[in-house]
file entry-v3.cif (mmCIF, C-alpha atoms)
data_data
loop_
_atom_site.label_atom_id
_atom_site.label_comp_id
_atom_site.auth_asym_id
_atom_site.auth_seq_id
_atom_site.Cartn_x
_atom_site.Cartn_y
_atom_site.Cartn_z
CA MET A 28 144.67 142.52 106.24
CA ILE A 29 147.29 140.84 108.44
CA SER A 30 149.82 140.81 105.60
CA GLN A 31 149.45 144.59 105.25
CA ILE A 32 150.38 145.34 108.86
CA LYS A 33 154.11 144.66 108.51
CA PRO A 34 154.67 147.11 105.61
CA VAL A 35 152.51 149.77 107.32
CA VAL A 36 154.56 149.48 110.53
CA GLU A 37 157.83 149.55 108.57
CA THR A 38 156.71 152.71 106.75
CA LEU A 39 155.67 154.41 110.01
CA LEU A 40 158.95 153.52 111.72
CA GLN A 41 161.56 153.99 109.00
CA PRO A 42 162.07 157.78 109.26
CA PHE A 43 162.45 157.61 113.06
CA MET A 44 164.83 154.66 112.82
CA GLU A 45 167.05 156.39 110.25
CA GLU A 46 167.09 159.71 112.15
CA ASN A 47 168.19 157.96 115.35
CA GLY A 48 170.74 155.52 113.92
CA PHE A 49 168.60 152.43 114.48
CA GLU A 50 168.20 149.48 112.15
CA LEU A 51 164.79 147.90 111.73
CA VAL A 52 165.64 144.19 111.73
CA ASP A 53 162.15 142.71 111.50
CA VAL A 54 158.46 143.23 112.24
CA GLU A 55 156.11 140.39 113.19
CA TYR A 56 152.37 140.41 113.77
CA VAL A 57 151.44 137.03 115.22
CA LYS A 58 148.68 135.38 117.21
CA GLU A 59 149.73 133.34 120.22
CA GLY A 60 146.86 131.72 122.04
CA SER A 61 144.06 134.26 122.12
CA ASN A 62 146.41 137.29 121.98
CA TRP A 63 147.92 139.21 119.08
CA PHE A 64 151.49 140.52 119.31
CA LEU A 65 153.15 143.21 117.24
CA ARG A 66 156.89 142.60 117.64
CA VAL A 67 159.54 144.97 116.40
CA TYR A 68 163.19 143.90 116.40
CA ALA A 69 165.69 146.74 116.25
CA ASP A 70 169.44 147.14 116.51
CA LYS A 71 172.14 149.79 116.21
CA GLU A 72 175.90 149.97 115.99
CA GLY A 73 177.25 148.85 119.37
CA GLY A 74 173.94 147.21 120.34
CA ILE A 75 170.54 148.40 121.43
CA ASP A 76 169.53 148.88 125.06
CA ILE A 77 166.26 149.05 126.99
CA ASP A 78 166.10 152.85 126.76
CA ASP A 79 166.39 152.64 122.96
CA CYS A 80 163.60 150.05 122.87
CA GLY A 81 161.46 152.34 125.03
CA ARG A 82 161.99 155.29 122.67
CA ILE A 83 161.10 153.19 119.64
CA SER A 84 158.04 151.75 121.39
CA GLU A 85 156.79 155.20 122.45
CA TYR A 86 157.26 156.64 118.95
CA LEU A 87 155.56 153.69 117.25
CA SER A 88 152.72 153.58 119.76
CA ASP A 89 151.95 157.26 119.08
CA ARG A 90 152.01 156.72 115.29
CA LEU A 91 149.81 153.62 115.57
CA ASP A 92 147.31 155.54 117.71
CA GLU A 93 147.16 158.27 115.02
CA LYS A 94 146.81 155.94 112.02
CA ASP A 95 145.00 153.04 113.76
CA PRO A 96 145.94 150.44 111.10
CA ILE A 97 145.32 147.42 113.38
CA PRO A 98 141.65 146.73 114.08
CA THR A 99 142.13 144.27 116.96
CA ALA A 100 143.72 144.57 120.39
CA TYR A 101 147.41 143.61 120.47
CA PHE A 102 150.53 143.80 122.61
CA LEU A 103 153.43 145.90 121.28
CA GLU A 104 156.90 144.53 122.00
CA VAL A 105 160.16 146.18 120.93
CA SER A 106 163.41 144.31 121.50
CA SER A 107 166.86 143.43 120.27
CA PRO A 108 167.07 140.59 117.74
CA GLY A 109 169.34 138.83 120.25
CA ALA A 110 172.65 137.03 119.88
CA GLU A 111 171.14 134.62 117.37
CA ARG A 112 169.92 137.41 115.15
CA PRO A 113 167.86 136.31 112.14
CA LEU A 114 169.24 137.00 108.68
CA LYS A 115 166.28 138.49 106.83
CA LYS A 116 167.63 140.99 104.34
CA VAL A 117 170.35 140.65 101.72
CA GLN A 118 172.55 143.08 103.67
CA ASP A 119 172.17 140.85 106.78
CA TYR A 120 173.82 138.00 104.88
CA HIS A 121 176.62 140.25 103.62
CA LYS A 122 177.33 141.48 107.18
CA ALA A 123 177.32 137.90 108.49
CA VAL A 124 180.08 136.61 106.17
CA GLY A 125 182.76 135.15 108.43
CA GLU A 126 180.26 134.46 111.23
CA HIS A 127 178.85 131.18 112.53
CA VAL A 128 175.33 130.64 111.14
CA PHE A 129 172.45 128.17 111.19
CA VAL A 130 170.62 127.79 107.86
CA THR A 131 167.54 125.71 107.03
CA THR A 132 166.25 124.90 103.57
CA TYR A 133 162.73 124.33 102.26
CA GLU A 134 163.69 120.91 100.97
CA PRO A 135 166.76 118.69 101.34
CA PHE A 136 169.88 120.03 99.65
CA GLU A 137 172.62 117.44 99.19
CA GLY A 138 170.66 115.27 101.63
CA LEU A 139 170.37 117.88 104.41
CA LYS A 140 167.84 120.52 105.48
CA GLU A 141 169.96 122.10 108.26
CA PHE A 142 173.44 123.56 107.97
CA GLU A 143 175.41 125.00 110.87
CA GLY A 144 178.84 126.40 110.26
CA LEU A 145 180.87 129.32 108.98
CA LEU A 146 179.22 131.59 106.41
CA GLN A 147 182.06 131.70 103.90
CA SER A 148 180.42 133.86 101.27
CA PHE A 149 177.16 135.23 99.95
CA ASP A 150 176.57 136.59 96.45
CA GLU A 151 172.76 137.02 96.46
CA GLU A 152 172.35 133.76 94.55
CA THR A 153 174.35 131.37 96.73
CA VAL A 154 174.89 130.99 100.47
CA ALA A 155 178.20 129.17 101.07
CA VAL A 156 178.34 127.50 104.48
CA GLU A 157 181.36 125.51 105.65
CA VAL A 158 180.19 122.61 107.81
CA GLY A 159 183.14 120.64 109.14
CA LYS A 160 185.48 120.25 106.19
CA LYS A 161 182.81 120.53 103.50
CA THR A 162 181.41 123.71 101.97
CA TYR A 163 177.78 123.68 100.86
CA ARG A 164 176.83 126.20 98.19
CA ILE A 165 173.11 126.53 98.84
CA PRO A 166 170.97 128.36 96.29
CA PHE A 167 169.56 131.44 98.05
CA ASN A 168 166.03 130.68 96.83
CA LYS A 169 166.16 127.35 98.70
CA VAL A 170 166.91 129.00 102.08
CA ALA A 171 163.88 128.87 104.39
CA SER A 172 165.55 130.67 107.29
CA ALA A 173 168.96 131.72 108.55
CA ARG A 174 170.32 133.19 111.73
CA LEU A 175 173.56 133.83 113.53
CA ALA A 176 174.46 130.92 115.81
CA ILE A 177 176.34 130.88 119.07
CA VAL A 178 179.25 128.45 119.24
CA PHE A 179 179.72 126.75 122.60
#
call {"tool": "encode", "arguments": {"input": "entry-v3.cif", "output": "structure tokens"}}
result
Amino acid sequence: MISQIKPVVETLLQPFMEENGFELVDVEYVKEGSNWFLRVYADKEGGIDIDDCGRISEYLSDRLDEKDPIPTAYFLEVSSPGAERPLKKVQDYHKAVGEHVFVTTYEPFEGLKEFEGLLQSFDEETVAVEVGKKTYRIPFNKVASARLAIVF
């Protein structure tokens, strides 16, 4: 049941997101302590603001009330993915080429499980990250998670 919530929410939201120039970055349905949270991460060209999040939240709340796909009580949160935006979709990786990223792997690759550096390229099979003076060409199927990273 829990695994079905994300696709249901994505389906409910997608038309509204497209009509309003928003990008649906991710949907999470997670339990923290005794509470359930439905989190929606959205963005748009030039960045998303609190009014945009409010519009998305109101629209989604109305659709969820109509369809009632979630049987338990939960908190709905809509927000920006933040400066360290996760890379979830193939197009996220393509857009992040040339950016500073943090990548983790499921198992050690060339002795490491974490790579922070410049995303040199992405071809849907390989994630090339330049760390220092070395470039790691990590098989995409070995990537556990990836996100943009802030350089201090």
call {"tool": "resolve_selection", "arguments": {"input": "entry-v3.cif", "expression": "the PyMOL selection byres ((chain A and resi 165) around 9)", "output": "list in words"}}
result
Thr132, Phe136, Glu152, Thr153, Val154, Ala155, Val156, Tyr163, Arg164, Pro166, Phe167, Asn168, Lys169 and Val170 of chain A
call {"tool": "write_last_selection", "arguments": {"input": "entry-v3.cif", "atoms": "C-alpha atoms", "output": "tab-separated table (two decimals), in the coordinates of the input"}}
result
chain	number	residue	atom	x	y	z
A	132	THR	CA	166.25	124.90	103.57
A	136	PHE	CA	169.88	120.03	99.65
A	152	GLU	CA	172.35	133.76	94.55
A	153	THR	CA	174.35	131.37	96.73
A	154	VAL	CA	174.89	130.99	100.47
A	155	ALA	CA	178.20	129.17	101.07
A	156	VAL	CA	178.34	127.50	104.48
A	163	TYR	CA	177.78	123.68	100.86
A	164	ARG	CA	176.83	126.20	98.19
A	166	PRO	CA	170.97	128.36	96.29
A	167	PHE	CA	169.56	131.44	98.05
A	168	ASN	CA	166.03	130.68	96.83
A	169	LYS	CA	166.16	127.35	98.70
A	170	VAL	CA	166.91	129.00	102.08
call {"tool": "closest_residue", "arguments": {"input": "entry-v3.cif", "among": "A:Cys80, A:Leu103, A:Leu114, A:Leu145", "to": "Asn62 in chain A", "atoms": "all atoms listed in the file"}}
result
A:Leu103
call {"tool": "atom_distance", "arguments": {"input": "entry-v3.cif", "atom1": "CA of Lys160 in chain A", "atom2": "CA of Leu146 in chain A"}}
result
13.0 Å
call {"tool": "atom_distance", "arguments": {"input": "entry-v3.cif", "atom1": "CA of Gly159 in chain A", "atom2": "CA of Val128 in chain A"}}
result
12.8 Å
call {"tool": "closest_residue", "arguments": {"input": "entry-v3.cif", "among": "A:Val124, A:Leu91, A:Ala171, A:Leu39", "to": "Glu157 in chain A", "atoms": "only C-alpha atoms"}}
result
A:Val124
call {"tool": "axis_aligned_box", "arguments": {"input": "entry-v3.cif", "around": "range 114-118 of chain A", "padding_each_side": "5 Å", "output": "AutoDock Vina command-line options"}}
result
--center_x 169.4 --center_y 140.0 --center_z 105.2 --size_x 16.3 --size_y 16.1 --size_z 17.0
call {"tool": "resolve_selection", "arguments": {"input": "entry-v3.cif", "expression": "the PyMOL selection byres ((chain A and resi 49) around 9)", "output": "list in words"}}
result
Phe43, Met44, Glu45, Glu46, Asn47, Gly48, Glu50, Leu51, Ala69, Asp70, Lys71, Glu72, Ile75 and Asp79 of chain A
call {"tool": "closest_residue", "arguments": {"input": "entry-v3.cif", "among": "A:Tyr133, A:Phe179, A:Arg174, A:Val35", "to": "Glu111 in chain A", "atoms": "all atoms listed in the file"}}
result
A:Arg174
call {"tool": "build_atoms", "arguments": {"input": "entry-v3.cif", "residues": "range 120-131 of chain A", "atoms": "all heavy atoms", "output": "mmCIF file, in the coordinates of the input"}}
result
data_model
loop_
_atom_site.group_PDB
_atom_site.id
_atom_site.type_symbol
_atom_site.label_atom_id
_atom_site.label_comp_id
_atom_site.auth_asym_id
_atom_site.auth_seq_id
_atom_site.Cartn_x
_atom_site.Cartn_y
_atom_site.Cartn_z
ATOM 1 N N TYR A 120 172.934 139.095 105.297
ATOM 2 C CA TYR A 120 173.820 138.000 104.880
ATOM 3 C C TYR A 120 175.225 138.531 104.598
ATOM 4 O O TYR A 120 176.211 137.919 104.996
ATOM 5 C CB TYR A 120 173.272 137.299 103.627
ATOM 6 C CG TYR A 120 172.104 136.384 103.911
ATOM 7 C CD1 TYR A 120 170.807 136.879 103.963
ATOM 8 C CD2 TYR A 120 172.298 135.023 104.125
ATOM 9 C CE1 TYR A 120 169.730 136.046 104.220
ATOM 10 C CE2 TYR A 120 171.228 134.178 104.378
ATOM 11 C CZ TYR A 120 169.946 134.705 104.420
ATOM 12 O OH TYR A 120 168.886 133.867 104.689
ATOM 13 N N HIS A 121 175.305 139.671 103.916
ATOM 14 C CA HIS A 121 176.620 140.250 103.620
ATOM 15 C C HIS A 121 177.375 140.568 104.905
ATOM 16 O O HIS A 121 178.572 140.293 105.014
ATOM 17 C CB HIS A 121 176.486 141.518 102.760
ATOM 18 C CG HIS A 121 176.148 141.243 101.337
ATOM 19 N ND1 HIS A 121 176.983 140.557 100.477
ATOM 20 C CD2 HIS A 121 175.047 141.559 100.603
ATOM 21 C CE1 HIS A 121 176.427 140.468 99.286
ATOM 22 N NE2 HIS A 121 175.245 141.059 99.336
ATOM 23 N N LYS A 122 176.676 141.131 105.903
ATOM 24 C CA LYS A 122 177.330 141.480 107.180
ATOM 25 C C LYS A 122 177.735 140.237 107.959
ATOM 26 O O LYS A 122 178.654 140.294 108.763
ATOM 27 C CB LYS A 122 176.396 142.340 108.041
ATOM 28 C CG LYS A 122 176.281 143.763 107.542
ATOM 29 C CD LYS A 122 175.741 144.749 108.552
ATOM 30 C CE LYS A 122 174.408 144.467 109.118
ATOM 31 N NZ LYS A 122 173.801 145.577 109.867
ATOM 32 N N ALA A 123 177.059 139.117 107.726
ATOM 33 C CA ALA A 123 177.320 137.900 108.490
ATOM 34 C C ALA A 123 178.441 137.034 107.906
ATOM 35 O O ALA A 123 178.819 136.023 108.515
ATOM 36 C CB ALA A 123 176.046 137.073 108.621
ATOM 37 N N VAL A 124 178.982 137.401 106.746
ATOM 38 C CA VAL A 124 180.080 136.610 106.170
ATOM 39 C C VAL A 124 181.224 136.567 107.189
ATOM 40 O O VAL A 124 181.608 137.579 107.762
ATOM 41 C CB VAL A 124 180.552 137.200 104.818
ATOM 42 C CG1 VAL A 124 181.844 136.531 104.342
ATOM 43 C CG2 VAL A 124 179.453 137.042 103.770
ATOM 44 N N GLY A 125 181.709 135.348 107.433
ATOM 45 C CA GLY A 125 182.760 135.150 108.430
ATOM 46 C C GLY A 125 182.221 134.776 109.801
ATOM 47 O O GLY A 125 182.982 134.468 110.706
ATOM 48 N N GLU A 126 180.902 134.798 109.951
ATOM 49 C CA GLU A 126 180.260 134.460 111.230
ATOM 50 C C GLU A 126 179.724 133.031 111.197
ATOM 51 O O GLU A 126 179.510 132.444 110.135
ATOM 52 C CB GLU A 126 179.081 135.418 111.502
ATOM 53 C CG GLU A 126 179.456 136.875 111.552
ATOM 54 C CD GLU A 126 180.153 137.284 112.828
ATOM 55 O OE1 GLU A 126 180.046 136.554 113.841
ATOM 56 O OE2 GLU A 126 180.809 138.329 112.819
ATOM 57 N N HIS A 127 179.455 132.506 112.381
ATOM 58 C CA HIS A 127 178.850 131.180 112.530
ATOM 59 C C HIS A 127 177.347 131.335 112.339
ATOM 60 O O HIS A 127 176.726 132.205 112.958
ATOM 61 C CB HIS A 127 179.180 130.616 113.917
ATOM 62 C CG HIS A 127 178.971 129.143 114.024
ATOM 63 N ND1 HIS A 127 179.867 128.230 113.545
ATOM 64 C CD2 HIS A 127 177.945 128.440 114.540
ATOM 65 C CE1 HIS A 127 179.417 127.010 113.784
ATOM 66 N NE2 HIS A 127 178.243 127.118 114.385
ATOM 67 N N VAL A 128 176.747 130.523 111.457
ATOM 68 C CA VAL A 128 175.330 130.640 111.140
ATOM 69 C C VAL A 128 174.619 129.292 111.197
ATOM 70 O O VAL A 128 175.254 128.231 111.159
ATOM 71 C CB VAL A 128 175.108 131.267 109.735
ATOM 72 C CG1 VAL A 128 175.631 132.692 109.671
ATOM 73 C CG2 VAL A 128 175.740 130.408 108.648
ATOM 74 N N PHE A 129 173.300 129.350 111.268
ATOM 75 C CA PHE A 129 172.450 128.170 111.190
ATOM 76 C C PHE A 129 171.451 128.447 110.070
ATOM 77 O O PHE A 129 170.707 129.435 110.125
ATOM 78 C CB PHE A 129 171.719 127.936 112.513
ATOM 79 C CG PHE A 129 170.824 126.737 112.503
ATOM 80 C CD1 PHE A 129 171.347 125.465 112.575
ATOM 81 C CD2 PHE A 129 169.447 126.890 112.407
ATOM 82 C CE1 PHE A 129 170.519 124.347 112.559
ATOM 83 C CE2 PHE A 129 168.605 125.791 112.393
ATOM 84 C CZ PHE A 129 169.143 124.509 112.473
ATOM 85 N N VAL A 130 171.455 127.598 109.048
ATOM 86 C CA VAL A 130 170.620 127.790 107.860
ATOM 87 C C VAL A 130 169.730 126.572 107.674
ATOM 88 O O VAL A 130 170.200 125.432 107.805
ATOM 89 C CB VAL A 130 171.500 127.981 106.597
ATOM 90 C CG1 VAL A 130 170.649 128.107 105.344
ATOM 91 C CG2 VAL A 130 172.419 129.185 106.755
ATOM 92 N N THR A 131 168.444 126.811 107.384
ATOM 93 C CA THR A 131 167.540 125.710 107.030
ATOM 94 C C THR A 131 167.057 125.930 105.604
ATOM 95 O O THR A 131 166.964 127.067 105.133
ATOM 96 C CB THR A 131 166.321 125.628 107.973
ATOM 97 O OG1 THR A 131 165.555 126.826 107.860
ATOM 98 C CG2 THR A 131 166.749 125.403 109.413
#
